[in-house]
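What's in target10.pdb: PDB, C-alpha atoms and all ligand atoms
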ATOM      1  CA  MET Z   1     -16.052 -11.276 -21.609
ATOM      2  CA  ILE Z   2     -15.641 -11.302 -17.852
ATOM      3  CA  LYS Z   3     -18.343 -13.003 -15.822
ATOM      4  CA  LYS Z   4     -18.584 -12.793 -12.082
ATOM      5  CA  TYR Z   5     -20.180 -15.610 -10.134
ATOM      6  CA  THR Z   6     -21.114 -15.276  -6.486
ATOM      7  CA  LEU Z   7     -19.978 -18.229  -4.435
ATOM      8  CA  SER Z   8     -21.034 -17.108  -1.011
ATOM      9  CA  VAL Z   9     -22.023 -14.110   1.026
ATOM     10  CA  SER Z  10     -21.218 -14.001   4.678
ATOM     11  CA  LYS Z  11     -20.897 -11.715   7.620
ATOM     12  CA  THR Z  12     -17.459 -11.285   8.992
ATOM     13  CA  TYR Z  13     -15.694  -9.117  11.511
ATOM     14  CA  ARG Z  14     -13.834  -6.240  10.005
ATOM     15  CA  ASN Z  15     -10.746  -6.591  12.162
ATOM     16  CA  ARG Z  16     -10.999 -10.207  13.075
ATOM     17  CA  SER Z  17      -7.483 -10.687  14.358
ATOM     18  CA  ALA Z  18      -6.834  -7.247  15.794
ATOM     19  CA  LYS Z  19      -9.926  -6.762  17.929
ATOM     20  CA  ARG Z  20     -11.269 -10.109  18.881
ATOM     21  CA  HIS Z  21     -14.002 -10.490  21.487
ATOM     22  CA  ARG Z  22     -14.849  -6.835  21.425
ATOM     23  CA  ALA Z  23     -18.512  -5.997  21.337
ATOM     24  CA  SER Z  24     -17.752  -2.849  19.390
ATOM     25  CA  THR Z  25     -16.132  -4.702  16.526
ATOM     26  CA  LYS Z  26     -18.252  -4.062  13.480
ATOM     27  CA  LYS Z  27     -19.466  -6.861  11.302
ATOM     28  CA  VAL Z  28     -19.397  -6.420   7.569
ATOM     29  CA  TRP Z  29     -20.838  -8.355   4.672
ATOM     30  CA  VAL Z  30     -18.354  -9.918   2.337
ATOM     31  CA  ARG Z  31     -19.108 -11.404  -1.033
ATOM     32  CA  TYR Z  32     -16.861 -14.173  -2.283
ATOM     33  CA  PHE Z  33     -16.830 -14.574  -6.001
ATOM     34  CA  VAL Z  34     -15.070 -16.147  -8.904
ATOM     35  CA  GLU Z  35     -14.318 -14.114 -11.983
ATOM     36  CA  VAL Z  36     -14.146 -15.974 -15.263
ATOM     37  CA  ASP Z  37     -12.547 -14.262 -18.224
ATOM     38  CA  ASP Z  38     -13.434 -16.417 -21.198
ATOM     39  CA  TRP Z  39     -12.121 -14.368 -24.104
ATOM     40  CA  ASP Z  40      -9.980 -17.412 -24.759
ATOM     41  CA  GLU Z  41     -12.574 -20.163 -24.608
ATOM     42  CA  GLU Z  42     -10.029 -22.944 -24.471
ATOM     43  CA  HIS Z  43      -8.129 -21.459 -21.572
ATOM     44  CA  PRO Z  44     -10.396 -19.224 -19.531
ATOM     45  CA  GLU Z  45      -8.807 -17.214 -16.781
ATOM     46  CA  VAL Z  46     -10.321 -17.853 -13.383
ATOM     47  CA  LYS Z  47      -9.756 -15.569 -10.452
ATOM     48  CA  PHE Z  48     -11.109 -15.826  -6.944
ATOM     49  CA  GLY Z  49     -11.794 -12.720  -4.973
ATOM     50  CA  GLN Z  50     -13.773 -11.081  -2.251
ATOM     51  CA  GLU Z  51     -15.275  -7.681  -1.782
ATOM     52  CA  ARG Z  52     -17.183  -5.816   0.868
ATOM     53  CA  VAL Z  53     -20.834  -5.243   0.136
ATOM     54  CA  ASN Z  54     -23.633  -3.466   1.942
ATOM     55  CA  PHE Z  55     -26.606  -5.205   3.499
ATOM     56  CA  PHE Z  56     -28.860  -4.835   0.472
ATOM     57  CA  GLN Z  57     -26.263  -6.101  -1.953
ATOM     58  CA  ALA Z  58     -25.634  -9.021   0.387
ATOM     59  CA  MET Z  59     -29.322  -9.954   0.352
ATOM     60  CA  TYR Z  60     -29.344  -9.775  -3.421
ATOM     61  CA  TYR Z  61     -26.197 -11.819  -3.924
ATOM     62  CA  LYS Z  62     -27.504 -14.465  -1.532
ATOM     63  CA  THR Z  63     -30.205 -15.237  -4.066
ATOM     64  CA  GLN Z  64     -27.655 -15.313  -6.896
ATOM     65  CA  LYS Z  65     -25.308 -17.859  -5.402
ATOM     66  CA  TYR Z  66     -23.581 -20.377  -7.596
ATOM     67  CA  HIS Z  67     -22.410 -23.757  -6.453
ATOM     68  CA  ARG Z  68     -19.128 -25.242  -7.456
ATOM     69  CA  CYS Z  69     -19.991 -28.851  -8.081
ATOM     70  CA  HIS Z  70     -19.190 -31.915  -9.996
ATOM     71  CA  TYR Z  71     -22.020 -33.174 -12.094
ATOM     72  CA  TYR Z  72     -22.719 -36.385 -13.845
ATOM     73  CA  CYS Z  73     -24.397 -36.401 -17.236
ATOM     74  CA  PHE Z  74     -26.515 -39.435 -17.912
ATOM     75  CA  GLU Z  75     -26.673 -38.758 -21.625
ATOM     76  CA  CYS Z  76     -22.983 -38.868 -22.426
ATOM     77  CA  GLU Z  77     -21.770 -40.367 -19.124
ATOM     78  CA  ASN Z  78     -19.506 -37.448 -18.619
ATOM     79  CA  VAL Z  79     -18.425 -36.066 -15.257
ATOM     80  CA  PHE Z  80     -17.904 -32.355 -15.392
ATOM     81  CA  PHE Z  81     -17.204 -29.414 -13.165
ATOM     82  CA  ALA Z  82     -19.489 -26.437 -13.348
ATOM     83  CA  LEU Z  83     -20.879 -23.423 -11.623
ATOM     84  CA  SER Z  84     -24.613 -23.568 -11.272
ATOM     85  CA  LYS Z  85     -27.392 -21.917  -9.334
ATOM     86  CA  ASN Z  86     -29.108 -25.234  -8.924
ATOM     87  CA  LYS Z  87     -27.113 -27.842  -7.055
ATOM     88  CA  ASN Z  88     -28.803 -30.685  -8.917
ATOM     89  CA  LYS Z  89     -28.686 -29.302 -12.408
ATOM     90  CA  ALA Z  90     -26.083 -27.867 -14.716
ATOM     91  CA  ASP Z  91     -25.558 -27.792 -18.445
ATOM     92  CA  CYS Z  92     -23.275 -30.527 -19.636
ATOM     93  CA  PRO Z  93     -20.479 -28.991 -21.733
ATOM     94  CA  ASN Z  94     -20.588 -31.974 -24.099
ATOM     95  CA  CYS Z  95     -24.323 -32.032 -24.711
ATOM     96  CA  SER Z  96     -24.943 -28.302 -24.799
ATOM     97  CA  GLU Z  97     -22.622 -27.776 -27.747
TER      98      GLU Z  97
HETATM   99 ZN    ZN K   1     -23.590 -34.810 -21.467
END
For this file, write the structure as structure tokens.
Amino acid sequence: MIKKYTLSVSKTYRNRSAKRHRASTKKVWVRYFVEVDDWDEEHPEVKFGQERVNFFQAMYYKTQKYHRCHYYCFECENVFFALSKNKNKADCPNCSE
């Protein structure tokens, strides 16, 4: 199963290098995401990507952002890496199994 996690949504210039400092240069919303294909649970495939989105999608994805963080679990004293919507909380892979 492929899961897509939004990392950030930001406004960027469409032709940043070609037309710099031009008032007419259009800004577009870009969604940065990570795609996790976990059909093989031991070795999930992780891909980073970006795509253009419209204003309404951008507003939606802003509320769905995931943080890439390291977490510390007090129960099993494990440090783990996870994607979570809440910067202070994530499910420990040891304890949740
Ligand atoms: Zn734990």
Closest of Z:Phe81, Z:Phe48, Z:Phe74, Z:Tyr60 to ligand ZN 1 (chain K) - atom-to-atom distances counting only C-alpha atoms and all ligand atoms: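 Closest candidate: Z:Phe74.
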Interface rows for chain Z against ligand ZN 1 (chain K): nearest pair, Å to one decimal, 6 Å, all atoms listed in the file, as CSV:
residue,atom,partner,partner_atom,distance
Z:Cys73,CA,K:ZN1,ZN,4.6
Z:Glu75,CA,K:ZN1,ZN,5.0
Z:Cys76,CA,K:ZN1,ZN,4.2
Z:Asn78,CA,K:ZN1,ZN,5.6
Z:Cys92,CA,K:ZN1,ZN,4.7
Z:Asn94,CA,K:ZN1,ZN,4.9
Z:Cys95,CA,K:ZN1,ZN,4.3
Set the distance at 9 Å and use all atoms listed in the file: which residues neighbour segment 84-87 of chain Z once local chain neighbours fewer than 5 positions away are removed? I'd like the list as a ChimeraX atom specification. /Z:63-69,71
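Here the PyMOL selection byres (((chain Z and resi 12) around 6) and not hetatm) captures the residues Lys11, Tyr13, Lys27 and Val28 of chain Z.
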At what distance in Å, to one decimal, does atom CA of Leu83 of chain Z lie from atom CA of Glu51 of chain Z? 19.4 Å
Just so the selection is clear, what residues does the PyMOL selection byres (((chain Z and resi 33) around 6) and not hetatm) cover here, as an MDAnalysis selection string? chainID Z and resid 5:7 32 34 48:50
Would you save the residues of that selection, restricted to C-alpha atoms, as a compact mmCIF listing (two decimals), in the frame of the given file?
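Printed below is result-v2.txt as written:
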# COMPACT_ATOMS: atom_id res chain seq x y z
CA TYR Z 5 -20.18 -15.61 -10.13
CA THR Z 6 -21.11 -15.28 -6.49
CA LEU Z 7 -19.98 -18.23 -4.43
CA TYR Z 32 -16.86 -14.17 -2.28
CA VAL Z 34 -15.07 -16.15 -8.90
CA PHE Z 48 -11.11 -15.83 -6.94
CA GLY Z 49 -11.79 -12.72 -4.97
CA GLN Z 50 -13.77 -11.08 -2.25
Mind pulling up the distance from atom CA of Val36 of chain Z to atom CA of Lys4 of chain Z?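 Going from atom CA of Lys4 of chain Z over to atom CA of Val36 of chain Z covers 6.3 Å.
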Non-local contacts of Trp29 of chain Z (7 Å; only C-alpha atoms; under 4 positions in same chain excluded) as an NGL selection string: :Z and (9-12 or 52-55 or 58)
Nearest-residue call for Lys3 of chain Z, choices Z:Ala82, Z:Tyr72, Z:Val46, Z:Lys26, using all atoms listed in the file: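 Result for the nearest residue to Lys3 of chain Z: Z:Val46.
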Between atom CA of Trp39 of chain Z and atom CA of His70 of chain Z, what is the distance, to one decimal in Å?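 Pair atom CA of Trp39 of chain Z / atom CA of His70 of chain Z returns 23.6 Å.
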Of the candidates Z:Tyr61, Z:Glu41, Z:Val79, Z:Met1, which shows the shortest atom-to-atom distance to Asp91 of chain Z, using all atoms listed in the file?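 Among the listed residues, Z:Val79 lies closest to Asp91 of chain Z.
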Counting all atoms listed in the file, which of Z:Glu77, Z:Arg31, Z:Ile2, Z:Ala90 gets nearest to Lys62 of chain Z? Z:Arg31
With N, CA and C atoms as the goal, would you fill in the gaps in segment 56-75 of chain Z and present it as a PDB file, in the frame of the given file?
ATOM      1  N   PHE Z  56     -27.917  -4.581   1.558  1.00  0.00           N
ATOM      2  CA  PHE Z  56     -28.860  -4.835   0.472  1.00  0.00           C
ATOM      3  C   PHE Z  56     -28.217  -5.632  -0.662  1.00  0.00           C
ATOM      4  N   GLN Z  57     -26.985  -5.314  -0.957  1.00  0.00           N
ATOM      5  CA  GLN Z  57     -26.263  -6.101  -1.953  1.00  0.00           C
ATOM      6  C   GLN Z  57     -26.100  -7.530  -1.469  1.00  0.00           C
ATOM      7  N   ALA Z  58     -25.817  -7.690  -0.187  1.00  0.00           N
ATOM      8  CA  ALA Z  58     -25.634  -9.021   0.387  1.00  0.00           C
ATOM      9  C   ALA Z  58     -26.897  -9.858   0.222  1.00  0.00           C
ATOM     10  N   MET Z  59     -28.056  -9.233   0.485  1.00  0.00           N
ATOM     11  CA  MET Z  59     -29.322  -9.954   0.352  1.00  0.00           C
ATOM     12  C   MET Z  59     -29.557 -10.354  -1.101  1.00  0.00           C
ATOM     13  N   TYR Z  60     -29.171  -9.483  -2.010  1.00  0.00           N
ATOM     14  CA  TYR Z  60     -29.344  -9.775  -3.421  1.00  0.00           C
ATOM     15  C   TYR Z  60     -28.417 -10.910  -3.859  1.00  0.00           C
ATOM     16  N   TYR Z  61     -27.158 -10.805  -3.486  1.00  0.00           N
ATOM     17  CA  TYR Z  61     -26.197 -11.819  -3.924  1.00  0.00           C
ATOM     18  C   TYR Z  61     -26.501 -13.182  -3.320  1.00  0.00           C
ATOM     19  N   LYS Z  62     -27.135 -13.193  -2.156  1.00  0.00           N
ATOM     20  CA  LYS Z  62     -27.504 -14.465  -1.532  1.00  0.00           C
ATOM     21  C   LYS Z  62     -28.448 -15.269  -2.434  1.00  0.00           C
ATOM     22  N   THR Z  63     -29.267 -14.548  -3.174  1.00  0.00           N
ATOM     23  CA  THR Z  63     -30.205 -15.237  -4.066  1.00  0.00           C
ATOM     24  C   THR Z  63     -29.539 -15.610  -5.388  1.00  0.00           C
ATOM     25  N   GLN Z  64     -28.331 -15.101  -5.619  1.00  0.00           N
ATOM     26  CA  GLN Z  64     -27.655 -15.313  -6.896  1.00  0.00           C
ATOM     27  C   GLN Z  64     -26.485 -16.287  -6.776  1.00  0.00           C
ATOM     28  N   LYS Z  65     -26.461 -17.014  -5.667  1.00  0.00           N
ATOM     29  CA  LYS Z  65     -25.308 -17.859  -5.402  1.00  0.00           C
ATOM     30  C   LYS Z  65     -25.138 -18.996  -6.404  1.00  0.00           C
ATOM     31  N   TYR Z  66     -23.901 -19.243  -6.736  1.00  0.00           N
ATOM     32  CA  TYR Z  66     -23.581 -20.377  -7.596  1.00  0.00           C
ATOM     33  C   TYR Z  66     -22.880 -21.442  -6.761  1.00  0.00           C
ATOM     34  N   HIS Z  67     -23.076 -22.664  -7.139  1.00  0.00           N
ATOM     35  CA  HIS Z  67     -22.410 -23.757  -6.453  1.00  0.00           C
ATOM     36  C   HIS Z  67     -21.317 -24.311  -7.340  1.00  0.00           C
ATOM     37  N   ARG Z  68     -20.201 -24.580  -6.725  1.00  0.00           N
ATOM     38  CA  ARG Z  68     -19.128 -25.242  -7.456  1.00  0.00           C
ATOM     39  C   ARG Z  68     -19.302 -26.731  -7.241  1.00  0.00           C
ATOM     40  N   CYS Z  69     -19.677 -27.434  -8.271  1.00  0.00           N
ATOM     41  CA  CYS Z  69     -19.991 -28.851  -8.081  1.00  0.00           C
ATOM     42  C   CYS Z  69     -19.482 -29.689  -9.227  1.00  0.00           C
ATOM     43  N   HIS Z  70     -19.404 -30.949  -8.941  1.00  0.00           N
ATOM     44  CA  HIS Z  70     -19.190 -31.915  -9.996  1.00  0.00           C
ATOM     45  C   HIS Z  70     -20.545 -32.504 -10.356  1.00  0.00           C
ATOM     46  N   TYR Z  71     -20.747 -32.639 -11.628  1.00  0.00           N
ATOM     47  CA  TYR Z  71     -22.020 -33.174 -12.094  1.00  0.00           C
ATOM     48  C   TYR Z  71     -21.771 -34.401 -12.959  1.00  0.00           C
ATOM     49  N   TYR Z  72     -22.801 -35.205 -12.999  1.00  0.00           N
ATOM     50  CA  TYR Z  72     -22.719 -36.385 -13.845  1.00  0.00           C
ATOM     51  C   TYR Z  72     -23.799 -36.285 -14.902  1.00  0.00           C
ATOM     52  N   CYS Z  73     -23.423 -36.461 -16.162  1.00  0.00           N
ATOM     53  CA  CYS Z  73     -24.397 -36.401 -17.236  1.00  0.00           C
ATOM     54  C   CYS Z  73     -24.774 -37.811 -17.653  1.00  0.00           C
ATOM     55  N   PHE Z  74     -26.055 -38.090 -17.574  1.00  0.00           N
ATOM     56  CA  PHE Z  74     -26.515 -39.435 -17.912  1.00  0.00           C
ATOM     57  C   PHE Z  74     -26.518 -39.669 -19.421  1.00  0.00           C
ATOM     58  N   GLU Z  75     -26.577 -38.602 -20.170  1.00  0.00           N
ATOM     59  CA  GLU Z  75     -26.673 -38.758 -21.625  1.00  0.00           C
ATOM     60  C   GLU Z  75     -25.351 -39.148 -22.260  1.00  0.00           C
TER      61      GLU Z  75
END
